[in-house]
Amino acid sequence: MAGIVHCYRRRYHQRLHAECPKPLEQYTSEELYARFRFGRDDIKYIADLVRPTLQHQTQWSHALSVEEQCFIVLHFYACGTFYQVIGDNMGVRKSTVSNMVKAMSVALGSLIKQFVSFPKDDQTAQTKHKFFQMGNMPSTIAPCEREWEYVNRKGRHSINIQLVGNADLIITNCVVKWPGSVHDTCILRESALYRELQSHRPNGIVLGDSAYPLLPWLMTPFSVANTPEQERFNSSHCKTRCAIERLNGVLKRRFACLNYLRVQPKVACNIFLACIVLHSMATRSHFPLDDNFDGPEPDVGPEQPSMFLPNEGHTGLAIRDAVLRNYF
């Protein structure tokens with residue numbers, strides 16, 4: 001018996017692609033800053049920075065350009081809404097937005113040492129002068145800040161981030177990798193900044209709140225101000241450290257995504273690093289920002305565990321007392 005062969009023709013469905021908007025052509029400079037936090041030339045510059053990482057060959061003729069990828073990710077950083085909403089606005093799928101955010105955050109985060117650096121010796125004089133004008137605290141080269149909450153799919157979590165900044169709201173050092181359960185003193189002790197300042201004492205002091213230890217180069221406020229001099233010291237300390245609180249607020253307002261991240265911890269860290277790099281670019285270029293900071297939060301940090309050598313604290317006490325006698 002002759003067999004009957006049935007032939008089937010496989011049907012190919014045409015892949016449909018929504019046309020990605022072209023913000024450089026359709027938005028004014030003010031609209032670009034509002035939606036992406038950067039202007040035309042700046043976005044082109046960012047695209048060139050990440051091009052070696054993001055540009056790749058693909059068989060699809062509709063692959064997004066590096067510039068288009070930058071627009072999508074910058075829009076997410078700026079507004080912090082859901083990937084689905086970003087995708088609908090920009091004409092791409094939710095999964096595409098997710099992949100782009102991950103890839104571009106890694107690319108930008110890898111540039112952190114290029115855009116974030118602690119003041120050099122020839123920069124400290126000007127830094128001290130600006131901080132002294134701010135709160136009358138002498139010899140200050142940087143204040144410290146810590147802890148940042150974020151949200152992922154399983155609820156509220158936190159990453160304990162160590163930020164150091166100057167009076168111009170530029171981040172000069174950061175540590176972005178520790179969970180919120182890790183104490184500030186541990187993060188400080190394990191940081192490259194601590195090792196550097198311990199081996200090469202800075203020509204100035206760093207300010208930290210009461211969650212940090214008192215060290216020869218790290219000044220904390222008096223836990224209880226028993227004299228008018230100590231009250232004046234604490235007041236100047238608070239006014240000067242206001243710079244890092246303000247920086248923190250500006251960073252969150254410039255990149256609203258940092259207020260509510262729905263990603264895994266590693267991705268969250270990469271997004272933080274990427275936004276720190278972008279903040280550095282924007283601040284150095286004096287881009288417009290929404291700055292409505294009211295003042296520093298009350299200094300009610302927990303007592304720090306003993307993780308430092310006793311003589312470090314004794315020397316720190318002596319230096320703080322000397323500052324108190326000579327300036328307050």
# chains A, B, ... in the order shown; residues from 1 in each chain; ligands from 1

$ select_by_dssp --residues "range 187-277 of chain A" --states "strand (DSSP E or B)" --output "PyMOL selection string"
chain A and resi 205-207+215+218-219

$ residues_around --residues "Lys252 in chain A" --least-positions-apart "4" --cutoff "10 Å" --atoms "only C-alpha atoms" --output "PyMOL selection string"
chain A and resi 77-78+246-248+256-260+275+279+290

$ closest_atom_pairs --of "range 121-223 of chain A" --to "range 229-235 of chain A" --cutoff "12 Å" --atoms "only C-alpha atoms" --output "JSON lines"
{"residue": "A:Met134", "atom": "CA", "partner": "A:Ser235", "partner_atom": "CA", "distance": 11.5}
{"residue": "A:Gly135", "atom": "CA", "partner": "A:Ser235", "partner_atom": "CA", "distance": 8.0}
{"residue": "A:Asn136", "atom": "CA", "partner": "A:Phe233", "partner_atom": "CA", "distance": 9.0}
{"residue": "A:Met137", "atom": "CA", "partner": "A:Phe233", "partner_atom": "CA", "distance": 7.7}
{"residue": "A:Pro138", "atom": "CA", "partner": "A:Phe233", "partner_atom": "CA", "distance": 10.2}
{"residue": "A:Leu207", "atom": "CA", "partner": "A:Asn234", "partner_atom": "CA", "distance": 11.1}
{"residue": "A:Gly208", "atom": "CA", "partner": "A:Asn234", "partner_atom": "CA", "distance": 11.5}
{"residue": "A:Asp209", "atom": "CA", "partner": "A:Asn234", "partner_atom": "CA", "distance": 10.2}
{"residue": "A:Ser210", "atom": "CA", "partner": "A:Asn234", "partner_atom": "CA", "distance": 11.0}
{"residue": "A:Met219", "atom": "CA", "partner": "A:Asn234", "partner_atom": "CA", "distance": 10.5}
{"residue": "A:Thr220", "atom": "CA", "partner": "A:Asn234", "partner_atom": "CA", "distance": 8.6}
{"residue": "A:Pro221", "atom": "CA", "partner": "A:Asn234", "partner_atom": "CA", "distance": 5.4}
{"residue": "A:Phe222", "atom": "CA", "partner": "A:Asn234", "partner_atom": "CA", "distance": 6.6}
{"residue": "A:Ser223", "atom": "CA", "partner": "A:Asn234", "partner_atom": "CA", "distance": 9.0}

$ write_last_selection --atoms "N, CA, C and O atoms" --output "tab-separated table (two decimals), in the first residue's frame"
chain	number	residue	atom	x	y	z
A	134	MET	N	30.38	76.98	55.67
A	134	MET	CA	29.07	76.36	55.84
A	134	MET	C	28.67	76.24	57.30
A	134	MET	O	27.51	76.48	57.65
A	135	GLY	N	29.62	75.86	58.18
A	135	GLY	CA	29.24	75.63	59.57
A	135	GLY	C	30.28	75.97	60.60
A	135	GLY	O	30.13	75.60	61.77
A	136	ASN	N	31.38	76.65	60.20
A	136	ASN	CA	32.45	77.03	61.13
A	136	ASN	C	33.18	75.85	61.74
A	136	ASN	O	33.76	75.95	62.82
A	137	MET	N	33.13	74.72	61.07
A	137	MET	CA	33.88	73.55	61.55
A	137	MET	C	35.24	73.55	60.85
A	137	MET	O	35.31	73.49	59.63
A	138	PRO	N	36.34	73.65	61.61
A	138	PRO	CA	37.66	73.78	60.99
A	138	PRO	C	38.19	72.47	60.40
A	138	PRO	O	37.84	71.37	60.87
A	207	LEU	N	33.91	64.10	58.92
A	207	LEU	CA	32.84	64.16	59.91
A	207	LEU	C	31.90	62.97	59.76
A	207	LEU	O	31.53	62.60	58.64
A	208	GLY	N	31.54	62.39	60.89
A	208	GLY	CA	30.57	61.30	60.89
A	208	GLY	C	29.60	61.47	62.04
A	208	GLY	O	29.93	62.12	63.04
A	209	ASP	N	28.42	60.88	61.94
A	209	ASP	CA	27.47	60.98	63.04
A	209	ASP	C	27.84	59.98	64.12
A	209	ASP	O	28.88	59.31	64.06
A	210	SER	N	26.97	59.84	65.12
A	210	SER	CA	27.32	59.03	66.28
A	210	SER	C	27.37	57.54	65.99
A	210	SER	O	27.80	56.76	66.85
A	219	MET	N	35.84	62.77	63.09
A	219	MET	CA	35.25	63.45	64.23
A	219	MET	C	33.75	63.19	64.31
A	219	MET	O	33.02	63.35	63.31
A	220	THR	N	33.29	62.79	65.48
A	220	THR	CA	31.87	62.59	65.74
A	220	THR	C	31.42	63.61	66.79
A	220	THR	O	32.25	64.18	67.51
A	221	PRO	N	30.12	63.85	66.91
A	221	PRO	CA	29.65	64.83	67.90
A	221	PRO	C	29.74	64.28	69.31
A	221	PRO	O	29.88	63.07	69.52
A	222	PHE	N	29.67	65.17	70.29
A	222	PHE	CA	29.58	64.74	71.68
A	222	PHE	C	28.21	64.12	71.91
A	222	PHE	O	27.19	64.68	71.53
A	223	SER	N	28.20	62.94	72.51
A	223	SER	CA	26.93	62.26	72.75
A	223	SER	C	26.03	63.09	73.67
A	223	SER	O	24.81	63.12	73.51

$ select_by_dssp --residues "range 127-326 of chain A" --states "helix (DSSP H, G or I)" --output "ChimeraX atom specification"
/A:127-135,184-189,192-199,228-254,256-259,265-284,310-326

$ residues_around --residues "Asn203 in chain A" --least-positions-apart "2" --cutoff "12 Å" --atoms "only C-alpha atoms" --output "PyMOL selection string"
chain A and resi 119-125+127-128+138-142+197+200-201+205-206+216-218

$ write_last_selection --atoms "N, CA and C atoms" --output "CSV table (one decimal), in the first residue's frame"
chain,number,residue,atom,x,y,z
A,119,PRO,N,39.4,63.9,47.8
A,119,PRO,CA,40.2,65.1,47.5
A,119,PRO,C,41.7,64.8,47.6
A,120,LYS,N,42.5,65.3,46.7
A,120,LYS,CA,44.0,65.3,46.7
A,120,LYS,C,44.5,66.4,47.6
A,121,ASP,N,45.7,66.3,47.9
A,121,ASP,CA,46.3,67.3,48.9
A,121,ASP,C,46.2,68.8,48.3
A,122,ASP,N,46.3,68.9,47.0
A,122,ASP,CA,46.2,70.3,46.5
A,122,ASP,C,44.7,70.8,46.4
A,123,GLN,N,43.8,69.9,46.8
A,123,GLN,CA,42.3,70.3,46.7
A,123,GLN,C,41.8,70.6,48.1
A,124,THR,N,42.5,70.2,49.2
A,124,THR,CA,42.0,70.2,50.5
A,124,THR,C,41.8,71.6,51.0
A,125,ALA,N,42.6,72.6,50.7
A,125,ALA,CA,42.5,73.9,51.2
A,125,ALA,C,41.2,74.5,50.8
A,127,THR,N,38.5,72.9,49.8
A,127,THR,CA,37.5,72.1,50.5
A,127,THR,C,37.2,72.5,51.9
A,128,LYS,N,38.3,72.7,52.7
A,128,LYS,CA,38.2,73.2,54.1
A,128,LYS,C,37.5,74.5,54.1
A,138,PRO,N,36.3,73.6,61.6
A,138,PRO,CA,37.7,73.8,61.0
A,138,PRO,C,38.2,72.5,60.4
A,139,SER,N,39.0,72.6,59.4
A,139,SER,CA,39.8,71.5,58.8
A,139,SER,C,39.0,70.4,58.3
A,140,THR,N,37.7,70.6,57.9
A,140,THR,CA,36.8,69.5,57.4
A,140,THR,C,37.1,69.3,55.9
A,141,ILE,N,37.3,68.1,55.5
A,141,ILE,CA,37.5,67.7,54.1
A,141,ILE,C,36.4,66.9,53.6
A,142,ALA,N,35.5,66.3,54.5
A,142,ALA,CA,34.4,65.5,54.0
A,142,ALA,C,33.5,65.0,55.1
A,197,LEU,N,43.3,56.2,54.8
A,197,LEU,CA,43.4,57.3,55.8
A,197,LEU,C,44.1,56.8,57.1
A,200,HIS,N,47.8,56.8,55.6
A,200,HIS,CA,48.3,58.2,55.2
A,200,HIS,C,47.3,59.2,55.8
A,201,ARG,N,47.6,59.7,57.0
A,201,ARG,CA,46.7,60.6,57.7
A,201,ARG,C,46.4,61.8,56.8
A,205,ILE,N,40.0,66.6,58.6
A,205,ILE,CA,39.2,65.7,59.3
A,205,ILE,C,37.9,65.3,58.5
A,206,VAL,N,37.4,64.1,58.7
A,206,VAL,CA,36.2,63.7,58.1
A,206,VAL,C,35.1,63.7,59.2
A,216,PRO,N,41.3,59.5,65.0
A,216,PRO,CA,42.1,60.7,64.8
A,216,PRO,C,41.7,61.6,63.6
A,217,TRP,N,41.2,60.9,62.6
A,217,TRP,CA,40.8,61.7,61.4
A,217,TRP,C,39.3,61.7,61.2
A,218,LEU,N,38.5,61.1,62.1
A,218,LEU,CA,37.1,61.0,61.9
A,218,LEU,C,36.4,61.6,63.2

$ residues_around --residues "Gln84 in chain A" --least-positions-apart "3" --cutoff "8 Å" --atoms "only C-alpha atoms" --output "ChimeraX atom specification"
/A:87-88,93-94,97

$ residues_around --residues "Glu25 in chain A" --least-positions-apart "5" --cutoff "12 Å" --atoms "only C-alpha atoms" --output "list in words"
Glu31, Leu32, Gly39 and Arg40 of chain A

$ closest_residue --among "A:Val250, A:Leu188, A:Ala268, A:Leu273" --to "Phe287 in chain A" --atoms "only C-alpha atoms"
A:Val250

$ residues_around --residues "Val66 in chain A" --least-positions-apart "4" --cutoff "8 Å" --atoms "only C-alpha atoms" --output "MDAnalysis selection string"
chainID A and resid 47 50:51 54:55 70

$ residues_around --residues "Leu317 in chain A" --least-positions-apart "3" --cutoff "8 Å" --atoms "only C-alpha atoms" --output "JSON, numbers by chain"
{"A": [214, 215, 216, 313, 314, 320, 321]}

$ atom_distance --atom1 "CA of Arg37 in chain A" --atom2 "CA of His75 in chain A"
8.3 Å

$ closest_residue --among "A:Ser236, A:Leu251, A:Leu74, A:Gln114" --to "Tyr33 in chain A" --atoms "only C-alpha atoms"
A:Leu74
